[in-house]
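Chemist: Dumping the structure here so I can ask a few things about it.
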2 protein chains.
Amino acid sequence: MSDSGLAVTGTVVTPIAFPDPPLLNSSGVHEPWALRTIVEVRTGDGLVGLGETYGDAAHLSLVQTAAAAMVGLDPFDLNGLTRRIAAALGEVDAPDAHGLTGGSSPQKTLARVVSPFEVACLDLQGRATGRPLHAILGGKVRDAVPYSAYLFYKWGAHPRAEPDAYGEAVDPAGIVAQAQKMCADYGFRSIKLKGGVFPPEDEVAAIRALREAFPDHPLRLDPNTAWTVETSVKVAEATDGLLEYLEDPTPGIPGMAEVAARAPMPLATNMCVVSFADIPEAFALGSVGVVLSDHHYWGGLRASQRLAGICDTYGVGLSMHSNSHLGISLAAMTHLAAASPTLSYACDTHTPWQLGVDVVSPGVLRFVDGSVPVPDGPGLGVELDRDALARMHEAYLACGIRQRDDTGYYRRFHPDYVRRLPRW
Amino acid sequence: MSDSGLAVTGTVVTPIAFPDPPLLNSSGVHEPWALRTIVEVRTGDGLVGLGETYGDAAHLSLVQTAAAAMVGLDPFDLNGLTRRIAAALGEVDAPDAHGLTGGSSPQKTLARVVSPFEVACLDLQGRATGRPLHAILGGKVRDAVPYSAYLFYKWGAHPRAEPDAYGEAVDPAGIVAQAQKMCADYGFRSIKLKGGVFPPEDEVAAIRALREAFPDHPLRLDPNTAWTVETSVKVAEATDGLLEYLEDPTPGIPGMAEVAARAPMPLATNMCVVSFADIPEAFALGSVGVVLSDHHYWGGLRASQRLAGICDTYGVGLSMHSNSHLGISLAAMTHLAAASPTLSYACDTHTPWQLGVDVVSPGVLRFVDGSVPVPDGPGLGVELDRDALARMHEAYLACGIRQRDDTGYYRRFHPDYVRRLPRW
């Protein structure tokens with residue numbers, strides 16, 4: 001490999017869409033299409049590094065701006081990457097359209113835009129040196145990364161569409177059935193329920209039903225800040241002994257601290273601590289016992305390692321968050337988790353909700369007993385399926401969705417719905 | 001490069017000694033010989049990675065134990081490196097003999113032993129991929145790394161020996177003369193005075209004299225915890241406007257916090273915050289405004305980057321500490337500093353006190369206007385001078401010193417001397 005040959009010669013940014021089931025959450029319901037953006041970073045040597053990020057229009061536009069700043073960059077120069085993108089973007093604050101990953105700031109916006117390029121550069125580092133990404137990240141400490149079954153309350157089908165393979169889940173029996181199918185198909189050994197959809201007592205009932213059906217699986221409940229402090233404490237007491245952690249019960253660092261002080265289990269978060277700037281106050285107040293890292297908005301894999309180091313230093317646990325994603329992100333999450341000694345929980349993943357659709361060629365990523373065996377090919381170890389990419393880009397162009405809007409979509413069918421957090 | 005070819009086939013550990021001037025500090029005086037240990041990690045491909053660490057006998061013995069655990073390791077597998085060495089050492093606590101880098105713990109002992117091997121592995125990563133170490137560490141953000149003139153009160157010569165080029169410095173005039181020579185020879189743009197040797201008012205007078213002679217050079221004073229809280233506050237008030245930071249005036253995290261609350265300038269430390277376990281309490285109490293990182297006891301270059309990330313997150317400044325060292329360490333410090341965006345102070349170095357002696361071949365490391373241009377060869381960019389290594393190993397065998405003992409050496413000439421911290 002020569003230095004000049006590895007320099008970036010061009011970057012391709014492709015927005016795509018893929019079918020998403022009607023998954024319910026505290027903001028509404030998933031639309032029929034989920035958006036992502038695929039980033040390909042190409043070098044003079046003909047190598048291609050891959051990254052995957054959000055697909056909302058405002059974010060996509062920033063990613064395109066950033067892509068134009070990549071030419072000439074050495075993929076090893078991650079400091080230069082951040083500097084170039086920061087200069088290209090200027091100070092800009094593009095909030096997450098859906099608000100499910102916490103507050104927004106210029107730093108978080110920059111981190112979200114840097115992330116897919118950083119992953120692509122690390123992928124290139126691995127490809128250029130013939131090493132898997134986990135080796136670039138410090139070496140794998142596990143051969144397979146455990147993920148959790150990520151359960152959702154859901155409709156049986158999008159209105160006027162065919163039911164999906166999972167069917168409806170609007171009560172404890174439906175949730176247990178969903179868990180049984182997902183655990184049978186993937187072998188998951190721990191279970192997370194996305195809550196904040198039905199009154200808390202109904203969701204507690206679902207957790208009790210899961211515990212009965214799965215006596216040994218660690219359980220988690222995540223209402224996405226749907227509850228007040230008092231409701232959160234009541235749910236925490238009602239689920240004492242049932243949950244390994246309770247995730248984002250209530251909004252805000254002070255509110256989480258109040259709940260944490262009275263809850264018997266640790267609180268986890270991907271909404272209260274979402275950037276480095278949140279850490280000092282939240283850790284000082286004891287707001288969270290577990291941070292769910294997410295390289296998509298923490299700024300990439302090295303930034304996620306920095307976060308892991310801070311959590312370890314402060315005695316705060318580490319788990320991993322997931323939005324709807326495809327195989328590039330699953331590979332990146334798996335390599336990162338494989339190289340993270342202090343990650344002590346199964347990671348979240350939306351993979352089952354892709355229903356078999358992916359942008360990477362099949363064969364590398366698979367689930368064995370709920371875990372993904374860590375790819376050992378160079379870099380991420382996955383390759384773009386260019387036919388799938390083209391199809392999914394066509395779907396993006398055709399679907400009409402340009403910004404995730406769970407609330408607006410839900411209101412189409414329930415016009416009196418108002419997003420309110422906390423609701424109970 | 002093949003995976004198996006890059007695996008470690010053997011490690012050579014060589015204790016060495018080199019002449020050290022009679023530099024005074026709060027524990028006594030430097031002995032005529034400084035000890036270091038040179039680590040060479042060899043791979044099947046014939047590459048050699050270099051590391052440099054302390055030379056005290058207890059530490060050397062642990063380094064030798066660790067070296068035996070290296071065979072078969074992939075130099076990219078830094079997690080595996082730590083795991084292997086931790087297993088080889090077991091839980092052991094070997095305090096710094098001289099006590100000038102703060103308290104001791106099993107974690108810090110492990111970090112000290114891991115460090116030279118981690119540097120050697122990163123050197124190998126660079127050599128194997130044809131990239132300078134700064135690229136492996138994330139890319140250089142500066143082309144040259146500024147260092148500070150590191151002034152010491154000193155005797156003109158070791159008893160019964162020839163005077164060195166710097167001569168005696170026991171008062172403000174001597175310190176200013178030393179600074180003038182050192183700044184003329186190296187071009188340093190900032191100045192640190194090692195204090196804790198004479199009564200505080202004398203050292204404040206030296207700072208005033210330095211300010212007069214060097215109106216634009218940032219100044220630092222480091223008495224190595226020689227002062228009580230009250231004395232520290234008095235010195236801080238007396239040097240208001242003169243110091244960019246005051247380093248380790250008093251022992252302990254609570255004592256530093258008391259001084260920090262009343263001092264007009266930031267406090268810096270390499271004695272109060274010396275391992276990740278110290279950080280939460282010290283940062284919560286506001287004990288320090290600047291951490292002087294040192295890869296030799298923080299556990300290597302990646303661990304130093306983790307420390308930098310924590311400091312940045314908590315709004316704590318970052319500078320770099322130095323003990324007596326040679327060119328391998330200077331190269332490692334320079335690459336790390338080059339790749340550290342948040343390092344905002346000139347680094348410390350003992351290089352002038354080597355008086356031209358080194359274990360690396362000349363030509364790569366040099367000072368231009370007080371800064372070391374960042375080497376751009378593969379890895380550390382420096383090569384062992386094997387003749388020098390042999391000579392310095394002979395010196396180690398002959399010198400009779402096996403553990404740094406500034407206090408014992410000082411007592412030979414001042415039998416009534418008692419090490420007392422704080423003294424004033």
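Note on naming: chains are A, B, ... as they come in the structure tokens, residues start from 1 per chain, ligands start from 1 in the order shown.
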Counting only C-alpha atoms, what is within 10 Å of region 180-191 of chain B, bar same-chain residues fewer than 2 positions away, as number ranges by chain?
Modeler: B: 146-151, 165-166, 174-178, 193-194, 207, 210-211, 213-214, 216-221, 243-244, 345-348, 351-353, 366-372
Chemist: Do a neighbour search on Gly138 (chain A) at 10 Å with only C-alpha atoms, toss out local chain neighbours closer than 5 positions, and write the hits as a list of chain:residue names.
Modeler: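 With the cut-off at 10 Å, the set is A:Leu133, A:Leu336, A:Ala338, A:Ala339, A:Ser340, A:Pro341, B:Pro75, B:Phe76, B:Asp77, B:Leu78, B:Asn79, B:Gly80, B:Leu81, B:Arg302.
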Chemist: For the residues in that selection, give me N, CA, C and O atoms as a PDB file, in the first residue's frame.
Modeler:
```pdb
ATOM      1  N   LEU A 133     -11.747  -5.369  11.315  1.00  0.00           N
ATOM      2  CA  LEU A 133     -11.916  -4.102  12.038  1.00  0.00           C
ATOM      3  C   LEU A 133     -11.678  -4.275  13.536  1.00  0.00           C
ATOM      4  O   LEU A 133     -11.125  -3.383  14.191  1.00  0.00           O
ATOM      5  N   LEU A 336     -17.135  -3.410  17.045  1.00  0.00           N
ATOM      6  CA  LEU A 336     -16.919  -2.554  18.213  1.00  0.00           C
ATOM      7  C   LEU A 336     -17.157  -3.336  19.504  1.00  0.00           C
ATOM      8  O   LEU A 336     -16.335  -3.303  20.425  1.00  0.00           O
ATOM      9  N   ALA A 338     -17.084  -6.488  19.923  1.00  0.00           N
ATOM     10  CA  ALA A 338     -16.090  -7.554  20.062  1.00  0.00           C
ATOM     11  C   ALA A 338     -14.810  -7.026  20.696  1.00  0.00           C
ATOM     12  O   ALA A 338     -14.139  -7.741  21.442  1.00  0.00           O
ATOM     13  N   ALA A 339     -14.486  -5.761  20.421  1.00  0.00           N
ATOM     14  CA  ALA A 339     -13.235  -5.176  20.920  1.00  0.00           C
ATOM     15  C   ALA A 339     -13.446  -4.355  22.189  1.00  0.00           C
ATOM     16  O   ALA A 339     -12.552  -3.613  22.585  1.00  0.00           O
ATOM     17  N   SER A 340     -14.616  -4.489  22.822  1.00  0.00           N
ATOM     18  CA  SER A 340     -14.936  -3.687  24.015  1.00  0.00           C
ATOM     19  C   SER A 340     -14.935  -4.555  25.259  1.00  0.00           C
ATOM     20  O   SER A 340     -15.933  -5.224  25.548  1.00  0.00           O
ATOM     21  N   PRO A 341     -13.838  -4.550  26.025  1.00  0.00           N
ATOM     22  CA  PRO A 341     -13.767  -5.428  27.196  1.00  0.00           C
ATOM     23  C   PRO A 341     -14.830  -5.122  28.241  1.00  0.00           C
ATOM     24  O   PRO A 341     -15.229  -6.013  28.978  1.00  0.00           O
TER      25      PRO A 341
ATOM     26  N   PRO B  75       0.492  -8.140  17.335  1.00  0.00           N
ATOM     27  CA  PRO B  75       0.724  -6.778  17.848  1.00  0.00           C
ATOM     28  C   PRO B  75      -0.484  -5.845  17.698  1.00  0.00           C
ATOM     29  O   PRO B  75      -0.514  -4.788  18.322  1.00  0.00           O
ATOM     30  N   PHE B  76      -1.454  -6.229  16.881  1.00  0.00           N
ATOM     31  CA  PHE B  76      -2.687  -5.438  16.820  1.00  0.00           C
ATOM     32  C   PHE B  76      -3.600  -5.740  18.012  1.00  0.00           C
ATOM     33  O   PHE B  76      -4.522  -4.980  18.275  1.00  0.00           O
ATOM     34  N   ASP B  77      -3.370  -6.831  18.681  1.00  0.00           N
ATOM     35  CA  ASP B  77      -4.289  -7.272  19.733  1.00  0.00           C
ATOM     36  C   ASP B  77      -3.890  -6.674  21.082  1.00  0.00           C
ATOM     37  O   ASP B  77      -3.355  -7.348  21.962  1.00  0.00           O
ATOM     38  N   LEU B  78      -4.186  -5.388  21.244  1.00  0.00           N
ATOM     39  CA  LEU B  78      -3.795  -4.692  22.475  1.00  0.00           C
ATOM     40  C   LEU B  78      -4.626  -5.155  23.663  1.00  0.00           C
ATOM     41  O   LEU B  78      -4.141  -5.169  24.800  1.00  0.00           O
ATOM     42  N   ASN B  79      -5.871  -5.544  23.421  1.00  0.00           N
ATOM     43  CA  ASN B  79      -6.658  -6.127  24.516  1.00  0.00           C
ATOM     44  C   ASN B  79      -6.019  -7.427  24.983  1.00  0.00           C
ATOM     45  O   ASN B  79      -5.944  -7.704  26.183  1.00  0.00           O
ATOM     46  N   GLY B  80      -5.568  -8.227  24.027  1.00  0.00           N
ATOM     47  CA  GLY B  80      -4.907  -9.476  24.375  1.00  0.00           C
ATOM     48  C   GLY B  80      -3.592  -9.237  25.104  1.00  0.00           C
ATOM     49  O   GLY B  80      -3.223  -9.990  26.015  1.00  0.00           O
ATOM     50  N   LEU B  81      -2.901  -8.185  24.720  1.00  0.00           N
ATOM     51  CA  LEU B  81      -1.645  -7.821  25.397  1.00  0.00           C
ATOM     52  C   LEU B  81      -1.893  -7.597  26.888  1.00  0.00           C
ATOM     53  O   LEU B  81      -1.212  -8.172  27.752  1.00  0.00           O
ATOM     54  N   ARG B 302      -2.680   4.294  23.957  1.00  0.00           N
ATOM     55  CA  ARG B 302      -4.146   4.249  23.862  1.00  0.00           C
ATOM     56  C   ARG B 302      -4.773   4.649  25.194  1.00  0.00           C
ATOM     57  O   ARG B 302      -5.784   5.357  25.224  1.00  0.00           O
TER      58      ARG B 302
END
```
Chemist: As an NGL selection string, please: all residues of region 6-215 of chain B that backbone DSSP puts in helix (DSSP H, G or I).
Modeler: :B and (6 or 57-67 or 78-89 or 106-129 or 133-136 or 172-186 or 200-213)
Chemist: Output as a Markdown table one row per residue of chain B within 9 Å of chain A: the closest atom pair and its distance in Å to one decimal place, counting only C-alpha atoms, sorted by chain and residue number ascending.
Modeler:
```
| residue | atom | partner | partner_atom | distance |
| --- | --- | --- | --- | --- |
| B:Met1 | CA | A:Thr129 | CA | 8.0 |
| B:Ser2 | CA | A:Gly130 | CA | 8.3 |
| B:Asp3 | CA | A:Arg131 | CA | 8.3 |
| B:Asp74 | CA | A:Gly139 | CA | 8.8 |
| B:Phe76 | CA | A:Ala135 | CA | 5.6 |
| B:Asp77 | CA | A:Gly139 | CA | 4.2 |
| B:Leu78 | CA | A:Gly138 | CA | 5.0 |
| B:Asn79 | CA | A:Gly139 | CA | 5.5 |
| B:Gly80 | CA | A:Gly139 | CA | 6.7 |
| B:Ala128 | CA | A:Thr129 | CA | 8.4 |
| B:Thr129 | CA | A:Thr129 | CA | 6.3 |
| B:Gly130 | CA | A:Met1 | CA | 8.0 |
| B:Arg131 | CA | A:Asp3 | CA | 8.2 |
| B:His134 | CA | A:Asp77 | CA | 8.8 |
| B:Ala135 | CA | A:Phe76 | CA | 5.6 |
| B:Ile136 | CA | A:Phe76 | CA | 6.6 |
| B:Leu137 | CA | A:Phe76 | CA | 8.3 |
| B:Gly138 | CA | A:Leu78 | CA | 5.0 |
| B:Gly139 | CA | A:Asp77 | CA | 4.2 |
| B:Lys140 | CA | A:Asn79 | CA | 7.3 |
| B:Val141 | CA | A:Asn79 | CA | 6.9 |
| B:Phe276 | CA | A:Thr313 | CA | 5.8 |
| B:Ala277 | CA | A:Thr313 | CA | 6.5 |
| B:Asp278 | CA | A:Thr313 | CA | 8.9 |
| B:Ile279 | CA | A:Thr313 | CA | 7.4 |
| B:Pro280 | CA | A:Tyr314 | CA | 6.2 |
| B:Ala284 | CA | A:Ala284 | CA | 7.7 |
| B:Ala303 | CA | A:Gly309 | CA | 8.8 |
| B:Gln305 | CA | A:Arg306 | CA | 8.2 |
| B:Arg306 | CA | A:Arg306 | CA | 5.8 |
| B:Leu307 | CA | A:Gly309 | CA | 8.2 |
| B:Gly309 | CA | A:Arg306 | CA | 6.1 |
| B:Ile310 | CA | A:Ile310 | CA | 6.0 |
| B:Asp312 | CA | A:Phe276 | CA | 8.8 |
| B:Thr313 | CA | A:Phe276 | CA | 5.7 |
| B:Tyr314 | CA | A:Pro280 | CA | 6.3 |
| B:Ala339 | CA | A:Asn79 | CA | 7.5 |
| B:Ser340 | CA | A:Asn79 | CA | 8.6 |
| B:Pro341 | CA | A:Asn79 | CA | 7.6 |
```
Chemist: Which polymer residues have any atom within 10 Å of an atom of Gln403 (chain A), counting only C-alpha atoms, with same-chain residues fewer than 5 positions away left out, as a PyMOL selection string?
Modeler: chain A and resi 34-35+54-60+96-98
Chemist: Assign secondary structure with DSSP using the backbone only, and return the residues of region 327-414 of chain A in strand (DSSP E or B) as a list of chain:residue names.
Modeler: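 So the strand (DSSP E or B) residues in region 327-414 of chain A would be A:Cys347, A:Val360, A:Val368, A:Ser371, A:Val372, A:Pro373, A:Gly379, A:Leu384.
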Chemist: May I ask for the distance between CA of Gly44 (chain A) and CA of Leu89 (chain A), given in Å to one decimal place?
Modeler: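 Straight-line distance from CA of Gly44 (chain A) to CA of Leu89 (chain A) works out to 25.2 Å.
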Chemist: For Ala263 (chain A), find every residue with an atom within 10 Å (counting only C-alpha atoms), except residues of its own chain fewer than 5 positions away, and show them as a compact mmCIF listing (two decimals) with N, CA and C atoms, in the first residue's frame.
Modeler:
```
# COMPACT_ATOMS: atom_id res chain seq x y z
N SER A 232 -42.56 6.45 36.95
CA SER A 232 -41.34 5.67 36.75
C SER A 232 -40.97 4.89 38.01
N VAL A 233 -41.09 5.58 39.15
CA VAL A 233 -40.74 4.91 40.41
C VAL A 233 -41.71 3.77 40.68
N LYS A 234 -42.99 4.01 40.40
CA LYS A 234 -43.98 2.94 40.62
C LYS A 234 -43.69 1.74 39.73
N VAL A 235 -43.38 1.99 38.47
CA VAL A 235 -43.06 0.88 37.57
C VAL A 235 -41.78 0.17 38.04
N ALA A 236 -40.81 0.97 38.45
CA ALA A 236 -39.55 0.36 38.92
C ALA A 236 -39.82 -0.55 40.10
N GLU A 237 -40.67 -0.10 41.01
CA GLU A 237 -40.98 -0.93 42.18
C GLU A 237 -41.76 -2.18 41.75
N ALA A 238 -42.66 -1.98 40.80
CA ALA A 238 -43.49 -3.12 40.35
C ALA A 238 -42.68 -4.16 39.58
N THR A 239 -41.55 -3.74 39.02
CA THR A 239 -40.73 -4.68 38.24
C THR A 239 -39.45 -5.06 38.98
N ASP A 240 -39.42 -4.77 40.29
CA ASP A 240 -38.24 -5.12 41.08
C ASP A 240 -37.96 -6.62 40.95
N TYR A 245 -32.21 -3.87 33.61
CA TYR A 245 -32.22 -2.42 33.70
C TYR A 245 -33.52 -1.86 33.13
N LEU A 246 -33.85 -0.65 33.59
CA LEU A 246 -35.01 0.09 33.11
C LEU A 246 -34.46 1.27 32.30
N ALA A 257 -32.28 11.26 37.53
CA ALA A 257 -31.58 11.14 38.82
C ALA A 257 -32.57 10.86 39.95
N GLU A 258 -33.73 11.53 39.90
CA GLU A 258 -34.74 11.28 40.94
C GLU A 258 -35.21 9.84 40.91
```
Chemist: Quick check, in Å to one decimal: how far apart do CA of Arg420 (chain A) and CA of Val316 (chain A) lie?
Modeler: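 Rounded to one decimal, the two atoms are 29.5 Å apart.
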Chemist: Out of B:Ala261, B:Leu285, B:Leu384, B:Leu355, which residue has the shortest atom-to-atom distance to Asp164 (chain B) when counting only C-alpha atoms?
Modeler: B:Leu355
Chemist: Find the residues near Ala205 (chain B): any atom within 9 Å, counting only C-alpha atoms, skip ones fewer than 4 places away on the same chain, and give them as a PDB file with N, CA, C and O atoms, in the first residue's frame.
Modeler:
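Wrote it out as out39.pdb, contents follow:
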```pdb
ATOM      1  N   ASP B 171      20.203  29.237  43.186  1.00  0.00           N
ATOM      2  CA  ASP B 171      19.565  30.514  43.501  1.00  0.00           C
ATOM      3  C   ASP B 171      18.961  31.084  42.208  1.00  0.00           C
ATOM      4  O   ASP B 171      19.150  30.517  41.129  1.00  0.00           O
ATOM      5  N   PRO B 172      18.215  32.187  42.309  1.00  0.00           N
ATOM      6  CA  PRO B 172      17.565  32.729  41.107  1.00  0.00           C
ATOM      7  C   PRO B 172      18.547  32.991  39.966  1.00  0.00           C
ATOM      8  O   PRO B 172      18.251  32.662  38.812  1.00  0.00           O
ATOM      9  N   PRO B 200      10.000  28.110  50.046  1.00  0.00           N
ATOM     10  CA  PRO B 200       9.121  28.589  48.970  1.00  0.00           C
ATOM     11  C   PRO B 200       9.431  30.012  48.520  1.00  0.00           C
ATOM     12  O   PRO B 200       9.360  30.308  47.329  1.00  0.00           O
ATOM     13  N   GLU B 201       9.780  30.891  49.466  1.00  0.00           N
ATOM     14  CA  GLU B 201      10.019  32.291  49.052  1.00  0.00           C
ATOM     15  C   GLU B 201      11.214  32.370  48.100  1.00  0.00           C
ATOM     16  O   GLU B 201      11.243  33.194  47.193  1.00  0.00           O
ATOM     17  N   ALA B 209      12.491  36.078  38.858  1.00  0.00           N
ATOM     18  CA  ALA B 209      13.702  36.328  38.048  1.00  0.00           C
ATOM     19  C   ALA B 209      13.525  35.771  36.640  1.00  0.00           C
ATOM     20  O   ALA B 209      13.952  36.376  35.651  1.00  0.00           O
ATOM     21  N   LEU B 210      12.889  34.603  36.543  1.00  0.00           N
ATOM     22  CA  LEU B 210      12.642  34.023  35.215  1.00  0.00           C
ATOM     23  C   LEU B 210      11.697  34.921  34.409  1.00  0.00           C
ATOM     24  O   LEU B 210      11.902  35.146  33.214  1.00  0.00           O
TER      25      LEU B 210
END
```
Chemist: If we count only C-alpha atoms and set the cut-off at 9 Å, which residues sit around Ser293 (chain B), ignoring sequence neighbours fewer than 3 positions away in its own chain? Please answer as a list in words.
Modeler: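 Within the cut-off, the hits are Thr269, Asn270, Val274, His296, Tyr297, Trp298, Ser304, Leu307, Ala308, Leu318, Ser319, Met320, His321 and Ser322 of chain B.
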Chemist: Between B:Arg112, B:His350, B:His325, B:Lys192, single out the one closest to Ala86 (chain B), counting only C-alpha atoms.
Modeler: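 Using only C-alpha atoms, Ala86 (chain B) sits closest to B:Arg112.
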Chemist: Would you kindly return, as a ChimeraX atom specification, each protein, DNA or RNA residue with an atom no farther than 10 Å from any atom of Ala282 (chain B), considering only C-alpha atoms and excluding same-chain residues fewer than 6 positions away?
Modeler: /B:252-254,256-257,272-273,288-289
Chemist: Write out, as a CSV table (one decimal), in the first residue's frame, the residues just selected, with N, CA and C atoms.
Modeler:
```
chain,number,residue,atom,x,y,z
B,252,GLY,N,-2.2,14.8,48.0
B,252,GLY,CA,-3.5,14.3,48.2
B,252,GLY,C,-4.6,15.1,47.4
B,253,ILE,N,-5.6,14.3,47.1
B,253,ILE,CA,-6.7,14.9,46.3
B,253,ILE,C,-7.5,15.9,47.1
B,254,PRO,N,-7.8,15.7,48.4
B,254,PRO,CA,-8.5,16.7,49.2
B,254,PRO,C,-7.6,18.0,49.4
B,256,MET,N,-5.2,19.1,47.4
B,256,MET,CA,-5.1,19.8,46.1
B,256,MET,C,-6.4,20.6,45.9
B,257,ALA,N,-7.6,20.0,46.3
B,257,ALA,CA,-8.9,20.7,46.1
B,257,ALA,C,-8.9,21.9,46.9
B,272,CYS,N,-1.3,13.5,41.9
B,272,CYS,CA,-2.6,13.4,42.6
B,272,CYS,C,-3.6,12.6,41.8
B,273,VAL,N,-3.5,12.7,40.5
B,273,VAL,CA,-4.3,11.9,39.6
B,273,VAL,C,-3.4,11.1,38.7
B,288,VAL,N,-7.9,19.5,40.4
B,288,VAL,CA,-6.9,19.8,39.3
B,288,VAL,C,-7.5,20.4,38.1
B,289,GLY,N,-6.8,21.3,37.5
B,289,GLY,CA,-7.2,22.0,36.3
B,289,GLY,C,-6.5,21.4,35.1
```
Chemist: Between CA of Trp155 (chain A) and CA of Met271 (chain A), what distance in Å does the model show, to one decimal?
Modeler: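 Computing the Euclidean distance for CA of Trp155 (chain A) and CA of Met271 (chain A) yields 25.0 Å.
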